[in-house]
Amino acid sequence: MSRPAIIAVAITGSQPTKADNPAVPISPAEQISSTHEAFEAGASLVHIHVRDRDGRVSSDPALFAEVQDGVRRHCPGMIIQFSTGARGRSHAERGSALSLGPDMASLATGSVNFATHIYENEPALIDELARQMLAHQVKPEIEVFDLAMLYNAEALVRRGLLTRPLHVQFVLGIPGALPARRRVLEFCVAELADLMPDATWTAAGIGRAQVTVSQWALELGGHLRTGLEDNVRIDRDRLAASNAELVERTAALCAAHDAHPATPEVARRILSLPAPPDFGG
Ligand code: ZN
């Protein structure tokens with residue numbers, strides 16, 4: 001039987017601009033409509049960064065709230081995940097929207113060099129974000145950009161700052177971090193299964209690696225992520241027309257690997273998230 005695979009769509013991110021691809025949604029209205037199209041195409045989870053009027057990364061809880069409300073209204077049951085990522089944000093700002101109670105939030109469990117800067121996540125900050133997520137009942141998605149982050153996550157479980165079952169995302173293909181090599185993903189997946197057999201995982205391939213990494217994830221039993229945050233192109237010669245086009249391509253990959261896009265209801269069950277009230281329990 002075909003297995004359900006969760007397709008996460010990272011609609012905006014902190015880096016791409018309209019100059020990179022005019023389809024990158026910036027305003028809350030654009031983000032809501034882009035998410036809705038992606039939802040219709042098979043995405044059951046949306047990963048959200050917000051931007052101010054000038055397109056700069058913002059931590060304004062009002063913007064997060066506006067996007068969250070719109071997605072809840074237009075995409076019934078879709079899993080809402082806020083980024084707590086760093087670019088352009090102070091440490092205090094990174095958890096500023098967790099009190100809004102999104103279903104999930106990203107949590108990087110270590111620091112890593114990217115191409116031109118340090119993605120800095122010092123131990124005290126990781127602890128603090130994990131505590132806030134516990135307090136607001138927000139399920140973290142553990143972002144593994146480098147191998148040690150996997151073991152750091154397990155240490156946080158032992159210290160009571162994270163609750164099993166974990167959901168882990170392996171991010172492959174960022175220059176300076178884990179490369180998009182199949183053996184790297186296989187090793188990460190095997191280590192996760194050894195440390196925490198109840199965990200679920202996604203693999204995200206950045207840029208050109210997006211399709212290849214999705215294929216590996218399908219072959220190895222994981223879940224999927226796409227979207228303009230990670231990759232603005234369909235191929236070398238053409239920009240993606242929308243987040244939905246990237247989701248459609250990912251859904252087609254599922255069909256080729258005896259899988260199908262998970263509905264929001266099934267995705268919530270897979271991730272041990274509560275059903276939202278409108279599912280009727
Ligand atoms: Zn992100």
# chains A, B, ... in the order shown; residues from 1 in each chain; ligands from 1
call {"tool": "residues_around", "arguments": {"residues": "segment 252-256 of chain A", "least_positions_apart": "6", "cutoff": "8 Å", "atoms": "only C-alpha atoms", "output": "ChimeraX atom specification"}}
result
/A:5,214-215,218
call {"tool": "residues_near_ligand", "arguments": {"ligand": "ligand 1", "cutoff": "7 Å", "atoms": "only C-alpha atoms and all ligand atoms", "output": "PDB file with N, CA, C and O atoms, in the first residue's frame"}}
result
ATOM      1  N   ALA A  10       7.987  25.524   2.611  1.00  0.00           N
ATOM      2  CA  ALA A  10       8.663  26.666   3.242  1.00  0.00           C
ATOM      3  C   ALA A  10       8.475  27.831   2.278  1.00  0.00           C
ATOM      4  O   ALA A  10       9.195  27.953   1.285  1.00  0.00           O
ATOM      5  N   GLY A  13      10.956  32.068   3.730  1.00  0.00           N
ATOM      6  CA  GLY A  13      12.328  32.078   4.232  1.00  0.00           C
ATOM      7  C   GLY A  13      12.799  33.468   4.608  1.00  0.00           C
ATOM      8  O   GLY A  13      12.020  34.433   4.625  1.00  0.00           O
ATOM      9  N   SER A  14      14.088  33.551   4.915  1.00  0.00           N
ATOM     10  CA  SER A  14      14.647  34.832   5.337  1.00  0.00           C
ATOM     11  C   SER A  14      15.474  35.483   4.235  1.00  0.00           C
ATOM     12  O   SER A  14      15.840  36.644   4.334  1.00  0.00           O
ATOM     13  N   HIS A  47       5.830  26.202   6.733  1.00  0.00           N
ATOM     14  CA  HIS A  47       6.921  26.754   7.543  1.00  0.00           C
ATOM     15  C   HIS A  47       7.001  28.255   7.226  1.00  0.00           C
ATOM     16  O   HIS A  47       7.163  28.634   6.073  1.00  0.00           O
ATOM     17  N   ILE A  48       6.883  29.067   8.278  1.00  0.00           N
ATOM     18  CA  ILE A  48       6.649  30.506   8.086  1.00  0.00           C
ATOM     19  C   ILE A  48       7.756  31.377   8.689  1.00  0.00           C
ATOM     20  O   ILE A  48       8.103  31.248   9.870  1.00  0.00           O
ATOM     21  N   HIS A  49       8.301  32.264   7.854  1.00  0.00           N
ATOM     22  CA  HIS A  49       9.066  33.439   8.303  1.00  0.00           C
ATOM     23  C   HIS A  49       8.220  34.635   7.873  1.00  0.00           C
ATOM     24  O   HIS A  49       7.597  34.579   6.817  1.00  0.00           O
ATOM     25  N   SER A  83       9.195  29.739  12.086  1.00  0.00           N
ATOM     26  CA  SER A  83      10.651  29.665  12.175  1.00  0.00           C
ATOM     27  C   SER A  83      11.121  30.406  13.422  1.00  0.00           C
ATOM     28  O   SER A  83      10.592  31.461  13.764  1.00  0.00           O
ATOM     29  N   GLY A  85      14.424  30.885  13.318  1.00  0.00           N
ATOM     30  CA  GLY A  85      15.740  31.078  12.698  1.00  0.00           C
ATOM     31  C   GLY A  85      16.314  32.454  12.967  1.00  0.00           C
ATOM     32  O   GLY A  85      15.617  33.372  13.420  1.00  0.00           O
ATOM     33  N   GLU A 229      11.659  29.101  -0.081  1.00  0.00           N
ATOM     34  CA  GLU A 229      12.729  29.389   0.882  1.00  0.00           C
ATOM     35  C   GLU A 229      13.992  28.609   0.521  1.00  0.00           C
ATOM     36  O   GLU A 229      15.103  29.125   0.631  1.00  0.00           O
TER      37      GLU A 229
END
call {"tool": "select_by_dssp", "arguments": {"residues": "segment 16-109 of chain A", "states": "alpha helix (DSSP H)", "output": "VMD selection string"}}
result
chain A and resid 28 to 40 61 to 74 91 to 94
call {"tool": "residues_around", "arguments": {"residues": "Leu150 of chain A", "least_positions_apart": "6", "cutoff": "8 Å", "atoms": "only C-alpha atoms", "output": "ChimeraX atom specification"}}
result
/A:109,144,192
call {"tool": "write_last_selection", "arguments": {"atoms": "all heavy atoms", "output": "PDB file, in the first residue's frame"}}
result
ATOM      1  N   THR A 109      19.584  22.802  16.940  1.00  0.00           N
ATOM      2  CA  THR A 109      20.204  22.385  18.201  1.00  0.00           C
ATOM      3  C   THR A 109      21.734  22.462  18.142  1.00  0.00           C
ATOM      4  O   THR A 109      22.429  21.578  18.626  1.00  0.00           O
ATOM      5  CB  THR A 109      19.727  20.974  18.574  1.00  0.00           C
ATOM      6  OG1 THR A 109      19.810  20.136  17.413  1.00  0.00           O
ATOM      7  CG2 THR A 109      18.296  20.985  19.054  1.00  0.00           C
ATOM      8  N   VAL A 144      18.595  19.808  11.834  1.00  0.00           N
ATOM      9  CA  VAL A 144      19.947  19.262  11.868  1.00  0.00           C
ATOM     10  C   VAL A 144      20.696  19.736  10.626  1.00  0.00           C
ATOM     11  O   VAL A 144      20.482  19.248   9.524  1.00  0.00           O
ATOM     12  CB  VAL A 144      19.911  17.718  11.964  1.00  0.00           C
ATOM     13  CG1 VAL A 144      21.304  17.126  11.791  1.00  0.00           C
ATOM     14  CG2 VAL A 144      19.324  17.299  13.316  1.00  0.00           C
ATOM     15  N   LEU A 192      19.502   8.250  13.931  1.00  0.00           N
ATOM     16  CA  LEU A 192      18.246   8.662  14.570  1.00  0.00           C
ATOM     17  C   LEU A 192      17.454   7.432  15.007  1.00  0.00           C
ATOM     18  O   LEU A 192      16.933   7.385  16.126  1.00  0.00           O
ATOM     19  CB  LEU A 192      17.421   9.520  13.598  1.00  0.00           C
ATOM     20  CG  LEU A 192      16.057   9.980  14.124  1.00  0.00           C
ATOM     21  CD1 LEU A 192      16.208  10.893  15.344  1.00  0.00           C
ATOM     22  CD2 LEU A 192      15.259  10.700  13.027  1.00  0.00           C
TER      23      LEU A 192
END
call {"tool": "closest_atom_pairs", "arguments": {"of": "segment 9-125 of chain A", "to": "segment 263-277 of chain A", "cutoff": "9 Å", "atoms": "only C-alpha atoms", "output": "JSON lines"}}
result
{"residue": "A:Gly42", "atom": "CA", "partner": "A:Thr263", "partner_atom": "CA", "distance": 7.4}
{"residue": "A:Ala43", "atom": "CA", "partner": "A:Thr263", "partner_atom": "CA", "distance": 8.0}
{"residue": "A:Ser44", "atom": "CA", "partner": "A:Pro264", "partner_atom": "CA", "distance": 4.8}
{"residue": "A:Leu45", "atom": "CA", "partner": "A:Pro264", "partner_atom": "CA", "distance": 7.5}
{"residue": "A:Pro76", "atom": "CA", "partner": "A:Pro264", "partner_atom": "CA", "distance": 8.0}
{"residue": "A:Gly77", "atom": "CA", "partner": "A:Pro264", "partner_atom": "CA", "distance": 5.5}
{"residue": "A:Met78", "atom": "CA", "partner": "A:Pro264", "partner_atom": "CA", "distance": 5.3}
{"residue": "A:Ile79", "atom": "CA", "partner": "A:Pro264", "partner_atom": "CA", "distance": 6.8}
{"residue": "A:Asp103", "atom": "CA", "partner": "A:Leu273", "partner_atom": "CA", "distance": 7.5}
{"residue": "A:Met104", "atom": "CA", "partner": "A:Leu273", "partner_atom": "CA", "distance": 9.0}
call {"tool": "write_last_selection", "arguments": {"atoms": "N, CA and C atoms", "output": "PDB file, in the first residue's frame"}}
result
ATOM      1  N   GLY A  42      -1.221  19.833  -2.191  1.00  0.00           N
ATOM      2  CA  GLY A  42      -0.832  18.658  -1.413  1.00  0.00           C
ATOM      3  C   GLY A  42       0.050  18.916  -0.204  1.00  0.00           C
ATOM      4  N   ALA A  43       0.403  20.169   0.066  1.00  0.00           N
ATOM      5  CA  ALA A  43       1.198  20.446   1.275  1.00  0.00           C
ATOM      6  C   ALA A  43       0.288  20.387   2.503  1.00  0.00           C
ATOM      7  N   SER A  44       0.784  19.760   3.576  1.00  0.00           N
ATOM      8  CA  SER A  44      -0.011  19.687   4.805  1.00  0.00           C
ATOM      9  C   SER A  44       0.660  20.425   5.960  1.00  0.00           C
ATOM     10  N   LEU A  45       1.811  21.020   5.713  1.00  0.00           N
ATOM     11  CA  LEU A  45       2.549  21.754   6.754  1.00  0.00           C
ATOM     12  C   LEU A  45       3.157  22.992   6.100  1.00  0.00           C
ATOM     13  N   PRO A  76      -7.931  24.347   6.163  1.00  0.00           N
ATOM     14  CA  PRO A  76      -8.364  23.661   7.381  1.00  0.00           C
ATOM     15  C   PRO A  76      -7.432  22.526   7.789  1.00  0.00           C
ATOM     16  N   GLY A  77      -6.950  22.610   9.027  1.00  0.00           N
ATOM     17  CA  GLY A  77      -6.126  21.534   9.575  1.00  0.00           C
ATOM     18  C   GLY A  77      -4.655  21.597   9.219  1.00  0.00           C
ATOM     19  N   MET A  78      -4.279  22.477   8.291  1.00  0.00           N
ATOM     20  CA  MET A  78      -2.866  22.538   7.896  1.00  0.00           C
ATOM     21  C   MET A  78      -2.000  22.813   9.129  1.00  0.00           C
ATOM     22  N   ILE A  79      -0.868  22.135   9.218  1.00  0.00           N
ATOM     23  CA  ILE A  79       0.043  22.303  10.357  1.00  0.00           C
ATOM     24  C   ILE A  79       0.837  23.592  10.169  1.00  0.00           C
ATOM     25  N   ASP A 103       1.336  25.194  15.803  1.00  0.00           N
ATOM     26  CA  ASP A 103       1.462  23.757  16.072  1.00  0.00           C
ATOM     27  C   ASP A 103       2.914  23.380  16.344  1.00  0.00           C
ATOM     28  N   MET A 104       3.821  23.984  15.568  1.00  0.00           N
ATOM     29  CA  MET A 104       5.232  23.605  15.624  1.00  0.00           C
ATOM     30  C   MET A 104       6.100  24.856  15.471  1.00  0.00           C
TER      31      MET A 104
END
call {"tool": "select_by_dssp", "arguments": {"residues": "segment 11-235 of chain A", "states": "strand (DSSP E)", "output": "ChimeraX atom specification"}}
result
/A:45-48,50-51,57-58,79-82,104-108,112-113,118-119,139-144,167-172,200-205,223-226,233-235
call {"tool": "write_last_selection", "arguments": {"atoms": "C-alpha atoms", "output": "mmCIF file, in the first residue's frame"}}
result
data_model
loop_
_atom_site.group_PDB
_atom_site.id
_atom_site.type_symbol
_atom_site.label_atom_id
_atom_site.label_comp_id
_atom_site.auth_asym_id
_atom_site.auth_seq_id
_atom_site.Cartn_x
_atom_site.Cartn_y
_atom_site.Cartn_z
ATOM 1 C CA LEU A 45 2.549 21.754 6.754
ATOM 2 C CA VAL A 46 3.624 25.356 6.225
ATOM 3 C CA HIS A 47 6.921 26.754 7.543
ATOM 4 C CA ILE A 48 6.649 30.506 8.086
ATOM 5 C CA VAL A 50 7.509 36.905 8.180
ATOM 6 C CA ARG A 51 8.806 40.078 6.524
ATOM 7 C CA VAL A 57 12.934 39.604 8.151
ATOM 8 C CA SER A 58 10.641 40.553 11.002
ATOM 9 C CA ILE A 79 0.043 22.303 10.357
ATOM 10 C CA ILE A 80 1.476 25.735 11.108
ATOM 11 C CA GLN A 81 5.177 25.938 11.893
ATOM 12 C CA PHE A 82 6.958 29.196 12.790
ATOM 13 C CA MET A 104 5.232 23.605 15.624
ATOM 14 C CA ALA A 105 8.371 25.737 15.508
ATOM 15 C CA SER A 106 11.827 25.089 14.145
ATOM 16 C CA LEU A 107 14.643 24.557 16.668
ATOM 17 C CA ALA A 108 18.261 24.300 15.547
ATOM 18 C CA VAL A 112 27.134 25.938 12.084
ATOM 19 C CA ASN A 113 28.990 27.955 9.479
ATOM 20 C CA ILE A 118 27.734 31.808 11.418
ATOM 21 C CA TYR A 119 24.314 30.431 12.196
ATOM 22 C CA LYS A 139 6.159 20.862 19.029
ATOM 23 C CA PRO A 140 9.707 21.570 17.875
ATOM 24 C CA GLU A 141 11.049 20.458 14.542
ATOM 25 C CA ILE A 142 14.705 19.762 15.273
ATOM 26 C CA GLU A 143 16.805 21.292 12.501
ATOM 27 C CA VAL A 144 19.947 19.262 11.868
ATOM 28 C CA HIS A 167 10.450 15.243 14.635
ATOM 29 C CA VAL A 168 13.823 15.916 13.027
ATOM 30 C CA GLN A 169 14.667 17.636 9.772
ATOM 31 C CA PHE A 170 17.977 16.887 8.063
ATOM 32 C CA VAL A 171 18.992 19.869 5.944
ATOM 33 C CA LEU A 172 21.381 18.953 3.149
ATOM 34 C CA THR A 200 9.931 10.909 12.559
ATOM 35 C CA TRP A 201 12.059 12.775 10.048
ATOM 36 C CA THR A 202 12.085 14.982 6.981
ATOM 37 C CA ALA A 203 14.928 15.677 4.590
ATOM 38 C CA ALA A 204 15.238 19.108 2.993
ATOM 39 C CA GLY A 205 17.540 19.583 0.008
ATOM 40 C CA HIS A 223 8.955 13.077 4.831
ATOM 41 C CA LEU A 224 9.471 15.929 2.412
ATOM 42 C CA ARG A 225 10.046 19.649 2.250
ATOM 43 C CA THR A 226 9.972 22.039 -0.662
ATOM 44 C CA ARG A 233 14.036 27.383 -9.507
ATOM 45 C CA ILE A 234 12.275 24.526 -11.261
ATOM 46 C CA ASP A 235 15.432 23.881 -13.251
#
call {"tool": "residues_around", "arguments": {"residues": "Ala92 of chain A", "least_positions_apart": "3", "cutoff": "10 Å", "atoms": "only C-alpha atoms", "output": "PyMOL selection string"}}
result
chain A and resi 59+89+95-96+125+128-129
call {"tool": "write_last_selection", "arguments": {"atoms": "all heavy atoms", "output": "short mmCIF file (atom, residue, chain, number, x, y, z; two decimals), in the first residue's frame"}}
result
data_model
loop_
_atom_site.label_atom_id
_atom_site.label_comp_id
_atom_site.auth_asym_id
_atom_site.auth_seq_id
_atom_site.Cartn_x
_atom_site.Cartn_y
_atom_site.Cartn_z
N SER A 59 10.25 40.04 13.34
CA SER A 59 9.86 39.19 14.47
C SER A 59 8.55 39.66 15.04
O SER A 59 8.16 39.24 16.14
CB SER A 59 10.93 39.24 15.56
OG SER A 59 12.15 38.76 15.06
N ARG A 89 17.78 38.67 13.22
CA ARG A 89 16.96 38.74 14.44
C ARG A 89 17.84 38.56 15.67
O ARG A 89 18.73 37.71 15.69
CB ARG A 89 15.90 37.62 14.43
CG ARG A 89 15.05 37.62 13.20
CD ARG A 89 14.26 36.32 13.08
NE ARG A 89 13.06 36.33 13.90
CZ ARG A 89 12.28 35.26 14.05
NH1 ARG A 89 12.59 34.10 13.50
NH2 ARG A 89 11.19 35.35 14.76
N GLY A 95 12.12 33.92 19.71
CA GLY A 95 10.99 33.18 20.26
C GLY A 95 9.75 34.05 20.42
O GLY A 95 8.77 33.63 21.04
N SER A 96 9.79 35.23 19.82
CA SER A 96 8.76 36.24 20.13
C SER A 96 7.34 35.83 19.74
O SER A 96 6.38 36.35 20.28
CB SER A 96 9.11 37.56 19.45
OG SER A 96 9.07 37.39 18.05
N LEU A 125 20.65 29.69 24.52
CA LEU A 125 19.53 30.08 23.65
C LEU A 125 18.70 28.86 23.27
O LEU A 125 17.46 28.91 23.28
CB LEU A 125 20.07 30.76 22.38
CG LEU A 125 19.00 31.04 21.32
CD1 LEU A 125 18.04 32.14 21.79
CD2 LEU A 125 19.63 31.42 20.00
N GLU A 128 16.57 27.96 26.14
CA GLU A 128 15.51 28.94 26.35
C GLU A 128 14.37 28.73 25.33
O GLU A 128 13.19 28.72 25.69
CB GLU A 128 16.09 30.36 26.23
CG GLU A 128 15.08 31.49 26.30
CD GLU A 128 14.22 31.47 27.57
OE1 GLU A 128 14.67 30.91 28.59
OE2 GLU A 128 13.08 31.98 27.51
N LEU A 129 14.73 28.53 24.07
CA LEU A 129 13.69 28.31 23.05
C LEU A 129 12.95 27.00 23.33
O LEU A 129 11.73 26.93 23.20
CB LEU A 129 14.31 28.29 21.65
CG LEU A 129 14.76 29.66 21.10
CD1 LEU A 129 15.55 29.48 19.80
CD2 LEU A 129 13.56 30.59 20.87
#
call {"tool": "closest_residue", "arguments": {"among": "A:Cys75, A:Leu220, A:Ala86, A:Ala62", "to": "Glu37 of chain A", "atoms": "only C-alpha atoms"}}
result
A:Cys75
call {"tool": "residues_around", "arguments": {"residues": "Asn231 of chain A", "least_positions_apart": "5", "cutoff": "12 Å", "atoms": "only C-alpha atoms", "output": "MDAnalysis selection string"}}
result
chainID A and resid 9:13 15:17 20:21 23:24 173:174 204:211 225:226 236 238:243 245:247
call {"tool": "closest_residue", "arguments": {"among": "A:Glu186, A:Glu122, A:Phe64, A:Leu195", "to": "Tyr151 of chain A", "atoms": "only C-alpha atoms"}}
result
A:Leu195
call {"tool": "residues_around", "arguments": {"residues": "Pro175 of chain A", "least_positions_apart": "4", "cutoff": "9 Å", "atoms": "only C-alpha atoms", "output": "MDAnalysis selection string"}}
result
chainID A and resid 113:115 179
call {"tool": "write_last_selection", "arguments": {"atoms": "N, CA and C atoms", "output": "PDB file, in the first residue's frame"}}
result
ATOM      1  N   ASN A 113      28.634  26.949  10.476  1.00  0.00           N
ATOM      2  CA  ASN A 113      28.990  27.955   9.479  1.00  0.00           C
ATOM      3  C   ASN A 113      28.141  27.773   8.238  1.00  0.00           C
ATOM      4  N   PHE A 114      27.524  28.843   7.740  1.00  0.00           N
ATOM      5  CA  PHE A 114      26.969  28.849   6.394  1.00  0.00           C
ATOM      6  C   PHE A 114      28.006  29.526   5.493  1.00  0.00           C
ATOM      7  N   ALA A 115      27.659  29.736   4.224  1.00  0.00           N
ATOM      8  CA  ALA A 115      28.670  30.209   3.280  1.00  0.00           C
ATOM      9  C   ALA A 115      29.372  31.481   3.757  1.00  0.00           C
ATOM     10  N   PRO A 179      26.555  18.154   3.385  1.00  0.00           N
ATOM     11  CA  PRO A 179      26.403  18.107   1.932  1.00  0.00           C
ATOM     12  C   PRO A 179      25.241  17.194   1.523  1.00  0.00           C
TER      13      PRO A 179
END
call {"tool": "residues_around", "arguments": {"residues": "Gly101 of chain A", "least_positions_apart": "3", "cutoff": "7 Å", "atoms": "only C-alpha atoms", "output": "list in words"}}
result
Leu98, His136 and Val138 of chain A
call {"tool": "closest_residue", "arguments": {"among": "A:Gln137, A:Ser111, A:Thr163, A:Thr250", "to": "Gly176 of chain A", "atoms": "only C-alpha atoms"}}
result
A:Ser111
call {"tool": "closest_residue", "arguments": {"among": "A:Ser34, A:Leu162, A:Gln132, A:Gly110", "to": "Met149 of chain A", "atoms": "only C-alpha atoms"}}
result
A:Gly110
call {"tool": "atom_distance", "arguments": {"atom1": "atom CA of Ser33 of chain A", "atom2": "atom CA of Arg73 of chain A"}}
result
11.2 Å
call {"tool": "closest_residue", "arguments": {"among": "A:Leu178, A:Pro25, A:Asp60, A:Ala153", "to": "Leu166 of chain A", "atoms": "only C-alpha atoms"}}
result
A:Ala153
call {"tool": "atom_distance", "arguments": {"atom1": "atom CA of Val67 of chain A", "atom2": "atom CA of Ala38 of chain A"}}
result
14.4 Å
